[in-house]
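Contents: one structure, followed by commentary.
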Amino acid sequence: MHKPWFLRSKKMGDYSHLRRREFNELREVVSEAVRRYANSNWKKQRDAALVALARLARKHNCTYQFDAEGGHICIYKKADPVFALRIGAYARHRVEDLLKSNALYRGIIDIVPATQLPLPKDLSPGDREHALHKREVMRELEPLKVLYFLLPTRKAGKWKNKEAIDLVDIIGCVKEHPGCSGRDIQHVLNMSPNKTVRLLRWLKARRILHRRGASKSSGWYLN
């Protein structure tokens with residue numbers, strides 16, 4: 001199989017990692033497309049992202065098909081399905097649909113409102129005005145935040161697919177019970193302690209979850 005543009009000179013791993021340049025290209029293309037629809041409904045944002053991805057495929061001499069291989073769009077290289085993408089939240093049904101596909105590479109793109117960081121309370125009036133202006137400029141430049149969630153590659157095997165489902169179950173648990181501890185997650189999902197710790201570290205390293213505090217009883221939250 002001919003590798004798509006985003007996998008050139010890179011050894012195939014278990015997960016659909018994008019190299020920094022390719023990740024930035026994907027994110028910037030989608031961000032630019034959905035920016036004008038920041039105040040529109042979700043369907044317009046999703047459709048704008050799909051059109052942008054189709055243009056990206058053509059740019060790299062690939063073909064594409066909508067609603068194929070478990071994704072909202074699948075990119076093909078010489079008729080081989082190489083990149084299936086769904087637009088929307090990192091949720092179990094989206095993960096399951098993609099894991100059933102024959103695409104070599106699978107991922108989820110989520111589009112959410114950009115979060116505004118709180119300003120420090122001890123700023124001088126001048127510094128506060130400057131910080132507010134800078135925050136407003138950033139909001140105008142990127143009113144919507146584009147996230148990429150990687151999934152196992154087609155060659156990763158059934159155990160990595162099972163792990164992907166476990167990861168999204170942890171996300172679901174934290175969504176329903178913000179602030180739950182690792183031990184709480186372990187008991188709710190009936191996982192072993194070692195597996196729970198390993199998957200939480202995986203999600204933290206990829207900035208999907210964060211923990212407030214260093215103790216084992218500290219709570220976990222979505223980023």
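Residues in the structure tokens are named by chain (A, B, ... in the order shown) and by number from 1 within that chain; ligands are numbered from 1 in the order shown.
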
| So which residues touch Val95 of chain A within 12 Å, counting only C-alpha atoms, skipping near sequence neighbours fewer than 4 positions away, as a ChimeraX atom specification? | /A:69-71,84-91,99-101,106-109,149-152,161-169

Print the selection's residues with C-alpha atoms to a file, as an mmCIF file, in the first residue's frame.
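To be explicit, this is the file written out as out_6.cif:
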```cif
data_model
loop_
_atom_site.group_PDB
_atom_site.id
_atom_site.type_symbol
_atom_site.label_atom_id
_atom_site.label_comp_id
_atom_site.auth_asym_id
_atom_site.auth_seq_id
_atom_site.Cartn_x
_atom_site.Cartn_y
_atom_site.Cartn_z
ATOM 1 C CA GLU A 69 -15.267 3.540 6.098
ATOM 2 C CA GLY A 70 -17.026 4.546 9.305
ATOM 3 C CA GLY A 71 -16.110 8.203 8.868
ATOM 4 C CA ALA A 84 -11.101 7.872 7.808
ATOM 5 C CA LEU A 85 -12.246 10.842 9.893
ATOM 6 C CA ARG A 86 -15.366 11.597 11.875
ATOM 7 C CA ILE A 87 -16.328 15.106 12.916
ATOM 8 C CA GLY A 88 -17.690 15.452 16.444
ATOM 9 C CA ALA A 89 -17.171 14.527 20.060
ATOM 10 C CA TYR A 90 -14.811 11.736 21.142
ATOM 11 C CA ALA A 91 -17.655 9.294 21.850
ATOM 12 C CA LEU A 99 -12.600 0.715 14.354
ATOM 13 C CA LYS A 100 -14.790 -1.425 12.069
ATOM 14 C CA SER A 101 -13.403 0.278 8.967
ATOM 15 C CA ARG A 106 -8.457 6.599 11.780
ATOM 16 C CA GLY A 107 -9.184 9.725 13.817
ATOM 17 C CA ILE A 108 -11.830 12.054 15.229
ATOM 18 C CA ILE A 109 -11.868 15.815 14.761
ATOM 19 C CA PHE A 149 -8.202 12.400 18.763
ATOM 20 C CA LEU A 150 -6.077 9.566 17.435
ATOM 21 C CA LEU A 151 -7.302 5.975 17.181
ATOM 22 C CA PRO A 152 -5.525 2.656 16.545
ATOM 23 C CA ASN A 161 -9.052 -1.678 19.459
ATOM 24 C CA LYS A 162 -10.268 -2.898 22.836
ATOM 25 C CA GLU A 163 -8.003 -0.349 24.499
ATOM 26 C CA ALA A 164 -9.549 2.418 22.377
ATOM 27 C CA ILE A 165 -13.001 1.479 23.681
ATOM 28 C CA ASP A 166 -11.664 1.452 27.256
ATOM 29 C CA LEU A 167 -10.234 4.938 26.750
ATOM 30 C CA VAL A 168 -13.518 6.360 25.532
ATOM 31 C CA ASP A 169 -15.328 4.638 28.434
#
```

| task | Per DSSP on the backbone, filter segment 25-219 of chain A down to the residues in strand (DSSP E or B) and report them as a ChimeraX atom specification. | result | /A:63-68,71-77,80-87,105-113,144-150,152,209-212,219

| field | Contacts of segment 181-194 of chain A within 9 Å, only C-alpha atoms, excl. fewer than 5 positions in-chain, as a list of chain:residue names | value |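 Counting only C-alpha atoms, the residues come to A:Asp166, A:Asp169, A:Ile170, A:Cys173, A:Val174, A:Leu199, A:Leu200, A:Arg211, A:Lys216, A:Ser217, A:Ser218, A:Gly219, A:Trp220.
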
| request: Run DSSP on the backbone and grab whatever in chain A lands in helix (DSSP H, G or I); send it over as a ChimeraX atom specification. | output: /A:5-7,20-35,42-59,92-99,125-141,154-156,158-176,182-189,193-205

| task | Name the closest residue to Thr196 of chain A among the candidates A:Ile208, A:Ala49, A:Ile171, A:Ala54; distances are taken between atoms, counting only C-alpha atoms. | result |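 Using only C-alpha atoms, Thr196 of chain A sits closest to A:Ile171.
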
| request: Grab the atom CA of Ala156 of chain A to atom CA of Tyr15 of chain A distance for me, in Å with one decimal place. | output: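 Interatomic distance here is 7.3 Å.
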